[in-house]
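A.B. asks: Here's a structure for you.
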Protein chains: 2
Amino acid sequence: MTDTKTSTSGRQSYHHGDLQQSLLQAATEMIAEGGTESLSMRKLADRVGVSRTAPYHHFKDKNELLCAIAEQGFRRQESILNRAREASGTESLQAVFRQYVLTYIESAHQHREQYDLMFGREIWRNGQPTASLQQLSKESFQNWLHWVTELQQAGLLRGEDPLRTAQVTWATLHGLCRLLNDGIYTEASHLQQMCDSAIAMMLN
Amino acid sequence: MTDTKTSTSGRQSYHHGDLQQSLLQAATEMIAEGGTESLSMRKLADRVGVSRTAPYHHFKDKNELLCAIAEQGFRRQESILNRAREASGTESLQAVFRQYVLTYIESAHQHREQYDLMFGREIWRNGQPTASLQQLSKESFQNWLHWVTELQQAGLLRGEDPLRTAQVTWATLHGLCRLLNDGIYTEASHLQQMCDSAIAMMLN
DNA sequence: CAATCAATCTTGACAGTGTCAAAATATCGC
DNA sequence: GCGATATTTTGACACTGTCAAGATTGATTG
């Protein structure tokens with residue numbers, strides 16, 4: 001009768017047509033608005049216009065849904081890092097590095113709730129990270145490790161053991177993100193200054 | 001009739017006698033065992049041997065209870081820092097600083113769940129931090145800032161603006177704690193190496 | 001086209017949660 | 001001993017995640 005199926009707007013047939021994708025999108029929005037805690041499976045189902053338990057045919061768990069959303073975040077991070085590494089030929093390494101740090105933290109701040117989800121206890125402690133999420137996050141760090149190794153060899157970054165250096169520098173970025181996101185001890189307005197201070201600490 | 005009141009062991013009278021303290025203690029234990037999420041007001045009441053809503057006469061909220069527990073954590077941190085600063089006269093500054101970093105991270109790891117509570121979203125984002133908790137955490141950072149300023153003046157730490165330096169160095173510590181606690185990208189067995197790597201980055 | 005089958009969605013149900021209101025009980029100041 | 005006050009309890013409500021069983025549809029065959 002009416003147009004339904006893959007159309008993202010009109011749904012009144014029994015089968016939604018594209019529930020999985022709609023769920024992901026709506027859930028991402030809800031998390032962005034009010035954090036993981038404001039996302040309940042029931043409200044989500046309501047928002048998409050479907051019954052409470054319908055989502056369970058596309059995601060085994062709430063946990064699995066959250067993992068899927070976290071994965072998207074890791075993919076965004078990956079693309080940010082890749083863009084930076086690609087630009088490494090054109091500009092000065094230090095400028096590229098600084099830009100990356102800024103972009104990383106700004107992106108984490110812009111998608112703060114998703115960032116919290118990516119590294120928060122909700123997934124990594126309470127729930128269980130999906131196999132694919134684990135792999136993705138591992139690859140993400142491997143990417144960082146590779147770049148840090150290069151930057152070290154180029155004489156830009158301090159430190160000896162590349163692995164330790166990668167861990168510590170990343171911990172610094174991560175710590176800053178968390179502090180900014182949670183508003184502890186820091187204010188968002190000081191972002192640039194703190195970044196520069198952090199970079200100065202890491203540089204050779 | 002029977003001995004009750006302030007006695008911490010025997011309770012069978014209507015009035016518990018020392019509920020507030022017992023609640024705090026039991027809640028701390030439960031959190032240490034299974035994290036914030038495994039602590040429910042009802043289970044807590046059960047554990048202390050009291051009815052579901054009794055705790056609400058001593059803590060307005062679950063939030064307030066959590067804040068009280070977080071406060072204890074801040075007090076422990078404060079004493080760790082104070083001990084370090086007191087020892088600054090006897091030993092070499094660098095050795096004292098290294099010892100502090102190690103102790104901080106080890107303590108955060110030992111009381112990981114409480115540490116997550118102290119800086120996690122549960123309190124600082126979902127709930128609302130108590131006025132006293134806010135003050136305590138602010139003082140905690142002020143303490144750190146003071147020491148960092150001293151260490152900078154003594155030529156031990158890098159950086160220019162003491163505030164930025166304090167923020168960034170602390171973010172590094174905090175980031176390491178979180179990674180260790182959540183087991184992301186790091187293993188607890190590398191703790192010492194990572195600490196030394198981090199310290200090398202901060203030193204002048 | 002008709003019949004079967006698998007995918008998809010819904011309704012009903014259960015145990016668990018935080019927390020409010022009203023009632024019960026004990027302790028303390030007089 | 002009596003009344004005020006502090007403390008604890010029972011009942012109730014709305015909300016959560018998720019399981020089991022039934023209803024509805026679209027796809028696949030004969």
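Going by the structure tokens order, chains are called A, B, ..., each with residues numbered from 1, while ligands are numbered from 1 in the order shown.
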Using only C-alpha atoms (C1' of nucleotides), which residues sit within 10 Å of DA7 (chain C) once same-chain residues fewer than 5 positions away are excluded, as a ChimeraX atom specification?

C.D. replies: /A:15,57 /D:25-27

A.B. asks: Using only C-alpha atoms (C1' of nucleotides), determine which residues of chain D fall within 12 Å of chain B; present them as a count of residues only.

C.D. replies: 6

A.B. asks: Compute the chain C side of the contact with chain A at 7 Å, counting only C-alpha atoms (C1' of nucleotides), and hand it back as an MDAnalysis selection string.

C.D. replies: chainID C and resid 8:10

A.B. asks: Got a sec to pull out which chain B residues are within 9 Å of chain A, counting only C-alpha atoms, and send them as a PyMOL selection string?

C.D. replies: chain B and resi 35+37+116+119-121+124-126+137-138+141+158-161+164-165+167-179+182-186+190+193-195+197-198+200-203

A.B. asks: Please, could you write that set of residues out with N, CA and C atoms as a CSV table (one decimal), in the first residue's frame?

C.D. replies:
```csv
chain,number,residue,atom,x,y,z
B,35,GLY,N,32.0,-3.1,42.0
B,35,GLY,CA,31.8,-1.9,41.3
B,35,GLY,C,30.5,-1.2,41.7
B,37,GLU,N,28.0,-0.5,40.1
B,37,GLU,CA,26.7,-1.1,39.6
B,37,GLU,C,26.2,-2.2,40.4
B,116,ASP,N,37.3,4.8,40.3
B,116,ASP,CA,36.3,5.1,39.2
B,116,ASP,C,35.2,5.9,39.7
B,119,PHE,N,36.1,9.7,40.1
B,119,PHE,CA,36.3,10.6,38.9
B,119,PHE,C,35.4,10.2,37.8
B,120,GLY,N,34.5,9.3,38.1
B,120,GLY,CA,33.6,8.7,37.0
B,120,GLY,C,32.4,9.5,36.8
B,121,ARG,N,31.7,9.2,35.7
B,121,ARG,CA,30.5,9.9,35.3
B,121,ARG,C,29.3,9.7,36.2
B,124,TRP,N,29.9,12.7,38.6
B,124,TRP,CA,30.1,14.0,38.0
B,124,TRP,C,29.2,14.4,36.8
B,125,ARG,N,28.5,13.4,36.3
B,125,ARG,CA,27.6,13.6,35.2
B,125,ARG,C,26.2,13.3,35.4
B,126,ASN,N,25.9,12.0,35.8
B,126,ASN,CA,24.6,11.6,36.1
B,126,ASN,C,24.1,12.4,37.4
B,137,SER,N,37.5,17.7,46.4
B,137,SER,CA,38.2,17.4,45.2
B,137,SER,C,39.0,18.6,44.7
B,138,LYS,N,38.4,19.8,44.9
B,138,LYS,CA,39.1,21.0,44.5
B,138,LYS,C,40.4,21.2,45.4
B,141,PHE,N,43.1,19.0,44.2
B,141,PHE,CA,43.9,19.5,43.1
B,141,PHE,C,44.8,20.7,43.4
B,158,ARG,N,59.3,20.0,34.1
B,158,ARG,CA,59.3,20.9,33.0
B,158,ARG,C,58.1,21.8,33.0
B,159,GLY,N,57.9,22.6,31.9
B,159,GLY,CA,56.8,23.4,31.8
B,159,GLY,C,57.0,24.8,32.2
B,160,GLU,N,56.0,25.7,31.8
B,160,GLU,CA,56.1,27.1,32.2
B,160,GLU,C,55.0,27.4,33.2
B,161,ASP,N,53.8,27.6,32.7
B,161,ASP,CA,52.7,27.9,33.5
B,161,ASP,C,52.4,26.7,34.5
B,164,ARG,N,48.9,24.9,34.0
B,164,ARG,CA,48.9,24.0,32.9
B,164,ARG,C,49.7,22.7,33.2
B,165,THR,N,50.9,22.9,33.7
B,165,THR,CA,51.7,21.8,34.0
B,165,THR,C,51.0,20.8,35.0
B,167,GLN,N,47.8,20.5,35.4
B,167,GLN,CA,46.7,19.8,34.8
B,167,GLN,C,47.2,18.7,33.9
B,168,VAL,N,48.3,19.0,33.1
B,168,VAL,CA,48.7,18.0,32.1
B,168,VAL,C,49.4,16.8,32.8
B,169,THR,N,50.2,17.1,33.8
B,169,THR,CA,50.8,15.9,34.5
B,169,THR,C,49.8,15.1,35.2
B,170,TRP,N,48.8,15.8,35.8
B,170,TRP,CA,47.8,15.0,36.5
B,170,TRP,C,47.0,14.2,35.5
B,171,ALA,N,46.7,14.8,34.4
B,171,ALA,CA,46.0,14.1,33.3
B,171,ALA,C,46.7,12.8,32.9
B,172,THR,N,48.0,12.9,32.9
B,172,THR,CA,48.8,11.8,32.5
B,172,THR,C,48.7,10.7,33.5
B,173,LEU,N,48.8,11.1,34.8
B,173,LEU,CA,48.6,10.1,35.9
B,173,LEU,C,47.2,9.5,35.8
B,174,HIS,N,46.3,10.3,35.7
B,174,HIS,CA,44.8,9.9,35.6
B,174,HIS,C,44.6,9.0,34.4
B,175,GLY,N,45.1,9.4,33.3
B,175,GLY,CA,45.0,8.5,32.1
B,175,GLY,C,45.5,7.2,32.3
B,176,LEU,N,46.7,7.1,32.9
B,176,LEU,CA,47.3,5.8,33.1
B,176,LEU,C,46.5,5.0,34.1
B,177,CYS,N,46.0,5.6,35.1
B,177,CYS,CA,45.1,4.9,36.1
B,177,CYS,C,43.9,4.3,35.4
B,178,ARG,N,43.3,5.1,34.5
B,178,ARG,CA,42.1,4.6,33.9
B,178,ARG,C,42.4,3.4,33.0
B,179,LEU,N,43.5,3.6,32.2
B,179,LEU,CA,43.8,2.5,31.3
B,179,LEU,C,44.2,1.2,32.0
B,182,ASP,N,40.9,-0.2,33.6
B,182,ASP,CA,40.0,-0.8,32.6
B,182,ASP,C,40.6,-1.8,31.8
B,183,GLY,N,41.9,-1.9,31.9
B,183,GLY,CA,42.6,-2.9,31.1
B,183,GLY,C,42.6,-2.6,29.6
B,184,ILE,N,42.6,-1.4,29.3
B,184,ILE,CA,42.6,-1.0,27.9
B,184,ILE,C,44.1,-0.7,27.4
B,185,TYR,N,44.5,-1.3,26.4
B,185,TYR,CA,45.8,-1.0,25.8
B,185,TYR,C,47.0,-1.2,26.7
B,186,THR,N,46.8,-1.7,27.9
B,186,THR,CA,47.9,-1.8,28.9
B,186,THR,C,47.7,-3.1,29.8
B,190,HIS,N,53.0,-4.1,33.5
B,190,HIS,CA,53.9,-3.1,32.9
B,190,HIS,C,53.9,-1.8,33.7
B,193,GLN,N,57.3,0.1,34.4
B,193,GLN,CA,57.9,0.7,33.2
B,193,GLN,C,57.1,1.9,32.7
B,194,MET,N,55.8,1.8,32.7
B,194,MET,CA,55.0,2.9,32.2
B,194,MET,C,55.2,4.1,33.1
B,195,CYS,N,55.2,3.9,34.4
B,195,CYS,CA,55.4,5.0,35.3
B,195,CYS,C,56.8,5.7,35.0
B,197,SER,N,58.4,5.7,32.3
B,197,SER,CA,58.3,6.4,31.1
B,197,SER,C,57.6,7.7,31.2
B,198,ALA,N,56.5,7.7,32.0
B,198,ALA,CA,55.7,8.9,32.2
B,198,ALA,C,56.6,9.9,33.0
B,200,ALA,N,59.8,10.2,33.1
B,200,ALA,CA,60.8,10.7,32.2
B,200,ALA,C,60.3,11.8,31.3
B,201,MET,N,59.0,11.7,30.9
B,201,MET,CA,58.4,12.7,30.1
B,201,MET,C,58.2,14.0,30.8
B,202,MET,N,57.9,13.9,32.1
B,202,MET,CA,57.6,15.1,32.9
B,202,MET,C,58.8,15.8,33.4
B,203,LEU,N,59.9,15.0,33.6
B,203,LEU,CA,61.1,15.6,34.2
B,203,LEU,C,61.8,16.6,33.3
```

A.B. asks: Applying 10 Å and only C-alpha atoms (C1' of nucleotides), which residues near DG16 (chain C) remain after dropping the ones on its own chain fewer than 3 positions away? List them as an NGL selection string.

C.D. replies: (:B and (40 or 42)) or (:D and (16-17))

A.B. asks: Those same residues - N, CA and C atoms (P, O5', C5', C4', C3', O3' and C1' of nucleotides) - I'd like them written as an mmCIF file, in the first residue's frame.

C.D. replies:
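So out_22.cif came out as:
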```cif
data_model
loop_
_atom_site.group_PDB
_atom_site.id
_atom_site.type_symbol
_atom_site.label_atom_id
_atom_site.label_comp_id
_atom_site.auth_asym_id
_atom_site.auth_seq_id
_atom_site.Cartn_x
_atom_site.Cartn_y
_atom_site.Cartn_z
ATOM 1 N N SER B 40 23.257 -1.920 45.061
ATOM 2 C CA SER B 40 21.890 -1.399 45.047
ATOM 3 C C SER B 40 21.491 -1.070 46.467
ATOM 4 N N ARG B 42 18.859 -1.568 47.927
ATOM 5 C CA ARG B 42 18.131 -2.647 48.568
ATOM 6 C C ARG B 42 19.059 -3.741 49.067
ATOM 7 P P DT D 16 12.437 3.370 31.224
ATOM 8 O "O5'" DT D 16 13.312 2.114 31.657
ATOM 9 C "C5'" DT D 16 14.595 2.328 32.269
ATOM 10 C "C4'" DT D 16 15.142 1.013 32.775
ATOM 11 C "C3'" DT D 16 15.270 -0.062 31.715
ATOM 12 O "O3'" DT D 16 16.476 0.125 31.019
ATOM 13 C "C1'" DT D 16 14.431 -0.952 33.792
ATOM 14 P P DG D 17 16.641 -0.605 29.581
ATOM 15 O "O5'" DG D 17 16.939 -2.119 29.927
ATOM 16 C "C5'" DG D 17 18.131 -2.432 30.638
ATOM 17 C "C4'" DG D 17 18.215 -3.926 30.859
ATOM 18 C "C3'" DG D 17 18.257 -4.757 29.576
ATOM 19 O "O3'" DG D 17 19.143 -5.858 29.757
ATOM 20 C "C1'" DG D 17 16.335 -5.339 30.811
#
```

A.B. asks: Can you list, as a ChimeraX atom specification, every protein, DNA or RNA residue that comes within 12 Å of Leu24 (chain A) when you count only C-alpha atoms (C1' of nucleotides), leaving out same-chain residues fewer than 2 positions away?

C.D. replies: /A:18-22,26-31,39,41,44-45,47-48,55,58-59,62,64-72

A.B. asks: Please identify the helix (DSSP H, G or I) residues within chain A (assignment by DSSP from backbone atoms) and present them as a ChimeraX atom specification.

C.D. replies: /A:19-34,36-38,41-48,54-57,62-89,93-110,112-119,121-126,131-153,162-182,188-202

A.B. asks: Would you compute the distance between CA of Asp46 (chain B) and CA of Leu23 (chain B)? Give it in Å to one decimal.

C.D. replies: 10.4 Å

A.B. asks: What's around DC2 (chain D) at 12 Å? Count only C-alpha atoms (C1' of nucleotides), leave out sequence neighbours fewer than 5 positions away in its own chain, and write the answer as a list of chain:residue names.

C.D. replies: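 Result of the neighbour search: C:DC28, C:DG29, C:DC30.
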